[in-house]
Structures are given as structure tokens and as C-alpha cells.
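Trainee: One file: protein.txt (compact mmCIF, C-alpha atoms and all ligand atoms).
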# COMPACT_ATOMS: atom_id res chain seq x y z
CA MET A 1 14.20 20.67 7.76
CA GLN A 2 13.15 17.12 6.81
CA HIS A 3 10.52 15.61 9.10
CA PRO A 4 10.38 11.83 9.62
CA ILE A 5 8.30 9.58 7.39
CA LEU A 6 6.27 6.87 9.12
CA LEU A 7 5.91 3.54 7.33
CA ILE A 8 3.25 1.17 8.66
CA GLY A 9 4.70 -2.11 7.39
CA GLY A 10 8.21 -0.97 6.56
CA ASN A 11 9.92 -4.27 7.39
CA SER A 12 8.80 -6.48 4.51
CA GLY A 13 8.24 -6.59 0.77
CA ILE A 14 7.42 -3.25 -0.84
CA GLY A 15 7.66 -1.39 2.48
CA ALA A 16 11.20 -2.64 3.18
CA ALA A 17 12.34 -1.68 -0.33
CA LEU A 18 10.74 1.75 0.04
CA ALA A 19 12.35 2.28 3.46
CA ASP A 20 15.77 1.42 1.95
CA ARG A 21 15.21 3.77 -0.97
CA LEU A 22 14.06 6.68 1.22
CA ARG A 23 16.90 6.14 3.73
CA ALA A 24 19.39 6.21 0.84
CA GLN A 25 17.94 9.63 -0.07
CA GLY A 26 18.57 10.82 3.49
CA ALA A 27 15.06 10.44 4.92
CA ASN A 28 14.47 9.68 8.58
CA ILE A 29 12.25 6.58 8.58
CA LEU A 30 10.03 5.42 11.44
CA SER A 31 8.47 1.98 11.03
CA ALA A 32 5.75 0.07 12.84
CA HIS A 33 4.49 -3.37 11.95
CA ARG A 34 2.74 -6.46 13.23
CA SER A 35 5.85 -8.46 14.12
CA GLY A 36 7.79 -5.41 15.35
CA GLU A 37 9.18 -4.65 18.81
CA PRO A 38 6.82 -3.42 20.12
CA ALA A 39 4.24 -5.16 17.93
CA PHE A 40 1.74 -2.89 16.23
CA ASP A 41 -1.53 -4.24 14.81
CA ALA A 42 -3.36 -1.77 12.58
CA THR A 43 -6.49 -3.95 12.69
CA ALA A 44 -6.85 -3.86 16.48
CA GLU A 45 -9.94 -2.11 17.88
CA GLU A 46 -7.64 0.41 19.51
CA PRO A 47 -4.24 0.17 17.82
CA ASP A 48 -1.27 1.05 19.96
CA PHE A 49 0.04 3.80 17.67
CA PRO A 50 3.72 4.64 18.09
CA ASP A 51 4.36 8.16 19.36
CA VAL A 52 5.96 10.54 16.92
CA ASP A 53 7.74 13.51 18.34
CA GLY A 54 6.53 16.50 16.31
CA PRO A 55 5.45 16.84 12.67
CA LEU A 56 5.50 13.99 10.16
CA GLY A 57 6.86 14.55 6.67
CA GLY A 58 4.86 11.63 5.32
CA LEU A 59 3.00 8.42 6.02
CA VAL A 60 2.85 5.18 4.05
CA TYR A 61 0.31 2.48 4.93
CA LEU A 62 1.33 -0.94 3.57
CA PRO A 63 -0.77 -3.63 5.32
CA GLY A 64 -2.92 -5.43 2.77
CA SER A 65 -4.24 -8.78 1.65
CA ILE A 66 -4.42 -11.14 -1.33
CA ASN A 67 -7.37 -13.35 -0.48
CA LEU A 68 -8.30 -14.97 -3.81
CA LYS A 69 -11.36 -17.25 -3.82
CA PRO A 70 -14.38 -17.90 -6.04
CA PHE A 71 -17.18 -15.50 -5.09
CA LYS A 72 -19.45 -18.31 -3.89
CA SER A 73 -16.93 -19.53 -1.34
CA LEU A 74 -16.22 -16.10 0.15
CA LYS A 75 -17.91 -15.54 3.50
CA PRO A 76 -18.96 -12.15 4.85
CA ALA A 77 -16.06 -12.59 7.29
CA ASP A 78 -13.62 -12.57 4.33
CA PHE A 79 -14.99 -9.24 3.10
CA ASP A 80 -14.90 -7.94 6.65
CA ALA A 81 -11.27 -8.98 7.18
CA ASP A 82 -10.18 -7.48 3.84
CA PHE A 83 -11.98 -4.23 4.64
CA LYS A 84 -10.45 -4.08 8.11
CA ILE A 85 -6.83 -4.43 7.06
CA ASN A 86 -6.97 -2.45 3.81
CA VAL A 87 -9.42 0.34 4.66
CA LEU A 88 -10.20 0.69 8.36
CA GLY A 89 -6.56 0.21 9.40
CA ALA A 90 -5.57 3.02 7.04
CA VAL A 91 -8.46 5.22 8.20
CA ARG A 92 -7.61 4.82 11.89
CA THR A 93 -3.94 5.44 11.20
CA LEU A 94 -4.59 8.58 9.16
CA GLN A 95 -7.04 9.92 11.76
CA HIS A 96 -4.50 9.30 14.50
CA TYR A 97 -1.68 11.14 12.71
CA GLU A 98 -3.77 13.86 11.01
CA SER A 99 -2.44 16.71 13.11
CA ALA A 100 1.19 15.52 12.93
CA LEU A 101 0.85 15.34 9.14
CA LYS A 102 -0.71 18.80 8.92
CA GLU A 103 2.00 20.36 11.07
CA ALA A 104 4.46 20.03 8.19
CA ASP A 105 4.16 21.56 4.70
CA ASN A 106 3.91 19.54 1.49
CA THR A 107 3.39 16.27 3.35
CA SER A 108 2.73 13.08 1.39
CA VAL A 109 0.49 10.11 2.22
CA LEU A 110 0.76 6.91 0.20
CA LEU A 111 -1.76 4.03 0.25
CA PHE A 112 -1.90 0.79 -1.74
CA SER A 113 -4.56 -0.46 -4.13
CA THR A 114 -4.25 -3.28 -6.68
CA VAL A 115 -4.39 -3.63 -10.48
CA ALA A 116 -7.51 -5.75 -9.85
CA VAL A 117 -9.67 -2.70 -9.07
CA ALA A 118 -9.53 -1.08 -12.50
CA THR A 119 -9.18 -4.43 -14.35
CA GLY A 120 -11.69 -7.13 -13.42
CA MET A 121 -10.10 -10.46 -12.52
CA PRO A 122 -11.75 -13.66 -11.33
CA PHE A 123 -11.48 -14.57 -7.63
CA HIS A 124 -10.61 -10.99 -6.62
CA THR A 125 -14.06 -9.77 -5.48
CA SER A 126 -13.21 -9.37 -1.80
CA VAL A 127 -9.80 -7.72 -2.15
CA ALA A 128 -10.94 -5.60 -5.11
CA ALA A 129 -13.96 -4.35 -3.13
CA ALA A 130 -11.70 -3.32 -0.25
CA LYS A 131 -9.03 -1.76 -2.46
CA GLY A 132 -11.73 0.03 -4.46
CA ALA A 133 -12.68 1.67 -1.18
CA VAL A 134 -9.03 2.63 -0.70
CA GLU A 135 -9.09 4.39 -4.09
CA GLY A 136 -12.24 6.33 -3.08
CA LEU A 137 -10.61 7.23 0.22
CA VAL A 138 -7.52 8.51 -1.58
CA ARG A 139 -9.45 10.88 -3.85
CA SER A 140 -11.80 12.17 -1.12
CA LEU A 141 -9.07 12.69 1.44
CA ALA A 142 -6.78 14.32 -1.13
CA ALA A 143 -9.56 16.89 -1.70
CA GLU A 144 -10.21 17.35 2.00
CA TRP A 145 -6.55 17.68 3.00
CA ALA A 146 -5.42 19.90 0.10
CA PRO A 147 -3.35 22.02 0.01
CA THR A 148 -1.41 20.79 3.07
CA VAL A 149 -1.21 17.02 2.60
CA ARG A 150 -0.99 15.16 -0.70
CA VAL A 151 -2.68 11.73 -0.85
CA ASN A 152 -1.91 9.17 -3.58
CA ALA A 153 -2.02 5.41 -4.09
CA ILE A 154 -0.10 2.85 -6.08
CA ALA A 155 -1.96 -0.05 -7.70
CA PRO A 156 0.57 -2.85 -8.23
CA SER A 157 0.17 -6.10 -10.07
CA LEU A 158 1.75 -9.34 -8.79
CA THR A 159 4.96 -8.43 -6.98
CA ASP A 160 7.50 -10.80 -5.45
CA THR A 161 6.95 -10.27 -1.71
CA PRO A 162 6.03 -12.48 1.26
CA LEU A 163 2.38 -11.47 0.76
CA ALA A 164 2.40 -13.00 -2.73
CA ALA A 165 4.41 -16.11 -1.76
CA ARG A 166 1.40 -18.44 -2.11
CA LEU A 167 1.02 -17.37 -5.75
CA LEU A 168 4.73 -17.86 -6.47
CA ARG A 169 5.46 -21.23 -4.87
CA ASN A 170 7.26 -22.83 -7.81
CA ASP A 171 8.87 -22.15 -11.20
CA LYS A 172 5.66 -22.96 -13.05
CA GLN A 173 3.68 -20.34 -11.13
CA ARG A 174 6.47 -17.79 -11.56
CA GLU A 175 6.69 -18.43 -15.29
CA ALA A 176 2.91 -18.09 -15.67
CA GLY A 177 3.06 -14.86 -13.64
CA ASN A 178 5.86 -13.48 -15.84
CA GLU A 179 4.04 -14.37 -19.06
CA ARG A 180 0.78 -12.75 -17.97
CA HIS A 181 2.45 -9.33 -17.96
CA PRO A 182 3.10 -7.42 -21.21
CA LEU A 183 6.57 -6.57 -19.84
CA GLN A 184 7.11 -10.33 -19.36
CA ARG A 185 7.93 -10.34 -15.69
CA ILE A 186 6.27 -10.01 -12.32
CA GLY A 187 7.10 -6.96 -10.22
CA GLN A 188 10.00 -6.66 -7.80
CA PRO A 189 9.56 -4.68 -4.58
CA GLU A 190 12.02 -2.09 -5.95
CA ASP A 191 9.76 -1.46 -8.99
CA ILE A 192 7.02 -0.29 -6.66
CA ALA A 193 9.39 1.37 -4.16
CA ASN A 194 10.89 3.58 -6.89
CA LEU A 195 7.45 4.97 -7.72
CA GLY A 196 6.65 5.27 -4.00
CA ALA A 197 9.81 7.30 -3.38
CA PHE A 198 8.86 9.59 -6.28
CA LEU A 199 5.43 10.22 -4.73
CA MET A 200 6.87 10.82 -1.25
CA ASP A 201 9.40 13.35 -2.58
CA PRO A 202 8.40 16.97 -1.80
CA ALA A 203 9.93 17.87 -5.18
CA ASN A 204 6.90 16.16 -6.75
CA GLY A 205 4.56 18.27 -4.66
CA TRP A 206 2.00 19.06 -7.38
CA ILE A 207 0.59 15.52 -7.54
CA THR A 208 -2.36 14.46 -5.40
CA GLY A 209 -5.54 12.37 -5.54
CA GLN A 210 -4.04 9.91 -8.05
CA VAL A 211 -3.90 6.14 -8.28
CA TRP A 212 -0.72 5.12 -10.05
CA ASN A 213 -0.52 1.78 -11.86
CA ALA A 214 2.73 -0.13 -11.51
CA ASP A 215 1.77 -3.37 -13.16
CA GLY A 216 4.10 -4.39 -15.99
CA GLY A 217 1.46 -3.16 -18.45
CA LEU A 218 -1.16 -5.66 -17.29
CA GLY A 219 -3.94 -3.14 -16.62
CA ALA A 220 -3.69 -1.17 -19.85
CA LEU A 221 -2.22 -3.29 -22.65
CA ARG A 222 -3.17 -6.29 -24.75
CA VAL A 223 -0.11 -7.61 -26.59
N1 LIG A 301 2.66 -8.20 -3.46
C1 LIG A 301 1.71 -8.08 -4.39
O1 LIG A 301 1.63 -8.88 -5.35
C2 LIG A 301 0.72 -6.95 -4.30
C3 LIG A 301 -0.17 -6.78 -5.37
C4 LIG A 301 -1.13 -5.76 -5.29
C5 LIG A 301 -1.19 -4.95 -4.19
N2 LIG A 301 -0.30 -5.13 -3.17
C6 LIG A 301 -0.41 -4.27 -1.98
O2 LIG A 301 0.83 -3.71 -1.66
C7 LIG A 301 0.90 -3.50 -0.23
C8 LIG A 301 2.22 -4.03 0.32
O3 LIG A 301 2.23 -5.43 0.08
P1 LIG A 301 3.52 -6.37 0.22
O4 LIG A 301 3.37 -7.37 -0.86
O5 LIG A 301 4.77 -5.59 0.35
O6 LIG A 301 3.17 -7.11 1.60
P2 LIG A 301 4.09 -7.75 2.75
O7 LIG A 301 5.42 -8.16 2.23
O8 LIG A 301 3.23 -8.79 3.41
O9 LIG A 301 4.28 -6.52 3.77
C9 LIG A 301 3.20 -6.01 4.47
C10 LIG A 301 3.71 -5.20 5.63
O10 LIG A 301 2.58 -4.76 6.40
C11 LIG A 301 2.70 -5.21 7.75
N3 LIG A 301 1.39 -5.58 8.27
C12 LIG A 301 0.53 -6.50 7.78
N4 LIG A 301 -0.58 -6.54 8.52
C13 LIG A 301 -0.42 -5.63 9.50
C14 LIG A 301 -1.22 -5.22 10.58
N5 LIG A 301 -2.41 -5.75 10.83
N6 LIG A 301 -0.74 -4.25 11.42
C15 LIG A 301 0.49 -3.69 11.20
N7 LIG A 301 1.30 -4.06 10.20
C16 LIG A 301 0.85 -5.02 9.35
C17 LIG A 301 3.60 -6.42 7.69
O11 LIG A 301 4.20 -6.62 8.96
P3 LIG A 301 4.65 -8.10 9.42
O12 LIG A 301 5.68 -8.54 8.42
O13 LIG A 301 5.20 -7.86 10.78
O14 LIG A 301 3.41 -8.95 9.39
C18 LIG A 301 4.58 -5.99 6.60
O15 LIG A 301 5.55 -5.13 7.15
C19 LIG A 301 -0.34 -4.18 0.36
O16 LIG A 301 -1.32 -3.22 0.68
C20 LIG A 301 -0.83 -5.07 -0.77
O17 LIG A 301 -2.22 -5.28 -0.72
C21 LIG A 301 0.65 -6.11 -3.20
Go through the file and emit its structure as C-alpha cells.
Mentor:
Amino acid sequence: MQHPILLIGGNSGIGAALADRLRAQGANILSAHRSGEPAFDATAEEPDFPDVDGPLGGLVYLPGSINLKPFKSLKPADFDADFKINVLGAVRTLQHYESALKEADNTSVLLFSTVAVATGMPFHTSVAAAKGAVEGLVRSLAAEWAPTVRVNAIAPSLTDTPLAARLLRNDKQREAGNERHPLQRIGQPEDIANLGAFLMDPANGWITGQVWNADGGLGALRV
């Protein structure tokens, strides 16, 4: 029997594409997000977690940030906000659903990092620090929750979603974004969703504790 998969942030960008992909494969998708009905804020002190009735087959945590500023203009509050949404929100969510996840076999958890953790980029100190913590969380939790729950992350480069809209405001920015990638284009939500669906699939149940780059070659190639 297939248990439902909970997507925190399944209404937009990568999450919406992943929800479509998983539904097309027959998965039962539950989604909670900030602008949902009822609204769910993963950064609240005590988030109002949606009830799930029984075991969960998987959980994907999508809330994240792209707060790019020179290091000297970043305030402690910026680091705090990035840590809250990227790390603490995921931690609280995973703690809340731990038993529901462990009730099923071969369950998969998916978190999101960024290409800017493994590849240093200017103006990324705050988000890279937070996403670096996500990568540490993924490996530690994968060890702690093995063999019941698999835990992986995807580290995307620039992907055309509402979160990245400020970096893709006009043709010039889009062209520059395309050219920066060895594969000569920025990512589409489906590029990331396809990899996400692979990692959520119980058929790929021997993969855990990994951070997967989906970045048009940006992190690994010089062409
Ligand atoms: N897009 C990129 O270029 C890029 C690059 C590297 C890494 N990433 C990572 O990929 C992940 C997905 O990003 P995306 O581009 O698909 O973003 P997106 O389009 O902004 O979608 C984010 C989703 O998370 C929800 N969300 C945000 N804050 C929340 C909160 N406090 N509580 C509950 N739900 C919340 C949003 O809900 P509402 O719509 O209701 O606010 C939305 O459904 C993020 O972790 C991001 O850091 C993205």
C-alpha cells in the first residue's frame, strides 16, 4: 500500500512541479504552505502542523531563501532568518512527523540545499551557511534514521521559480543566467522535480545521506 507523501511548499516552483510529477505516478500528495488554506508557517514558534492520518510514505521540505548581499551589509538578523526557514523549519517539521515517517517502510525525506554550498559564490554567505547546515543535517539524520527512513537533498543552481524572480526580472538577467551554466540554460522546476521524484521513489531505496547536484554543470565544470 502507498502511504501519502507530505510536501511542505507543494504549491509553487519546484514543489508544484514535484507534486504534479508524483501525482502522475499515482502518489497521494498532501501539501501545506504559507499561503494555503489553512495557512501553515514552518518558521512559527509553534507551527500548526497539518494532521496526517497514519503513516507517511515521504516528506519533502521546500521552504527556502535566496538572500544575496555583500557580507558587510548582512545583519545577524539575515543569518537568523535564513537559518530559521532553511534549517529550523525543516528540523521542527521532521521532529513532528518522525513517528509517522517511521511507521512506513522505505520512507524518503527530501531537503533542499544550493549549488552555492559546495561552490563558493560572492554574496551567498548567509544562504550558503544555512544550506550548509541543511547538508550536515541530511547526512547525520540519514545515519540516525537508517534503515527505516532515507534522507537526501538536492542542491540546485538558479531555477526559474517565484523564489528566483528577483534574479530573472528581464531578458538580460535571463541571458546572463543561461550563459553562466555549462549546459547554457537556467533550471526549470521540472529539472529538479524529476530528480526529486527519483529520490522519493521506493524503487530507489538504496540511496541515502546524499546531496545531489542539479545545476546545469555549474558546480563541477569549467567550459
Ligand atoms: N529557485 C532557485 O533558483 C533555487 C536555487 C537553489 C536552491 N533552491 C531551493 O529550492 C527550494 C524550493 O525553492 P523554489 O524556488 O521552488 O521556491 P518557491 O517557488 O518560493 O516555493 C517555496 C514553497 O515553500 C513555501 N514556503 C515558503 N516559506 C514557507 C514557510 N515559512 N512556511 C511554509 N511554507 C513556506 C511556499 O509557500 P507560499 O507560496 O505559500 O509562500 C512555496 O510553496 C528552496 O529550499 C530553495 O532554497 C532554489
Trainee: Could you pull the residues within 6 Å of range 154-166 of chain A, counting only C-alpha atoms, minus those fewer than 6 positions along the same chain, as a list in words?
Mentor: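 Result of the neighbour search: Gly13, Phe112, Ser113, Thr114, Val115, Ile186, Gly187, Gln188, Val211, Trp212, Asn213, Ala214 and Asp215 of chain A.
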Trainee: Return the single residue from A:Lys131, A:Gly58, A:Gln2, A:His124 that is closest to ligand LIG 301 (chain A), with distances computed using all atoms listed in the file.
Mentor: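 Going through A:Lys131, A:Gly58, A:Gln2, A:His124 one by one, the smallest distance to ligand LIG 301 (chain A) is for A:Lys131.
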Trainee: In Å, with one decimal, what is the gap from CA of Asp48 in chain A to CA of Gly15 in chain A?
Mentor: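 Rounded to one decimal, the two atoms are 19.8 Å apart.
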Trainee: By how many Å are CA of Gly196 in chain A and CA of Thr119 in chain A apart?
Mentor: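 Answer for the CA of Gly196 in chain A to CA of Thr119 in chain A separation: 21.3 Å.
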Trainee: If you measure from CA of Ala39 in chain A to atom O5 of ligand LIG 301 (chain A), what distance in Å do you get, rounded to one decimal?
Mentor: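 Computing the Euclidean distance for CA of Ala39 in chain A and atom O5 of ligand LIG 301 (chain A) yields 17.6 Å.
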Trainee: Show which residues sit within 9 Å of Gly54 in chain A, as an MDAnalysis selection string. Count all atoms listed in the file, and ignore same-chain residues fewer than 5 positions away.
Mentor: chainID A and resid 3 100 103
Trainee: Smallest atom-to-atom distance to Pro122 in chain A: which of A:Thr148, A:Asn67, A:Ser12, A:Gln95, using all atoms listed in the file?
Mentor: A:Asn67
Trainee: So, with only C-alpha atoms as the atoms that count, which of A:Ser73, A:Ser65, A:Asn194, A:Thr93 lies closest to Val109 in chain A?
Mentor: A:Thr93
Trainee: Which of these, A:Val138, A:Leu74, A:Ala133, A:Ile8, has the shortest distance to ligand LIG 301 (chain A) once you count all atoms listed in the file?
Mentor: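 Under the stated criterion, the closest residue is A:Ile8.
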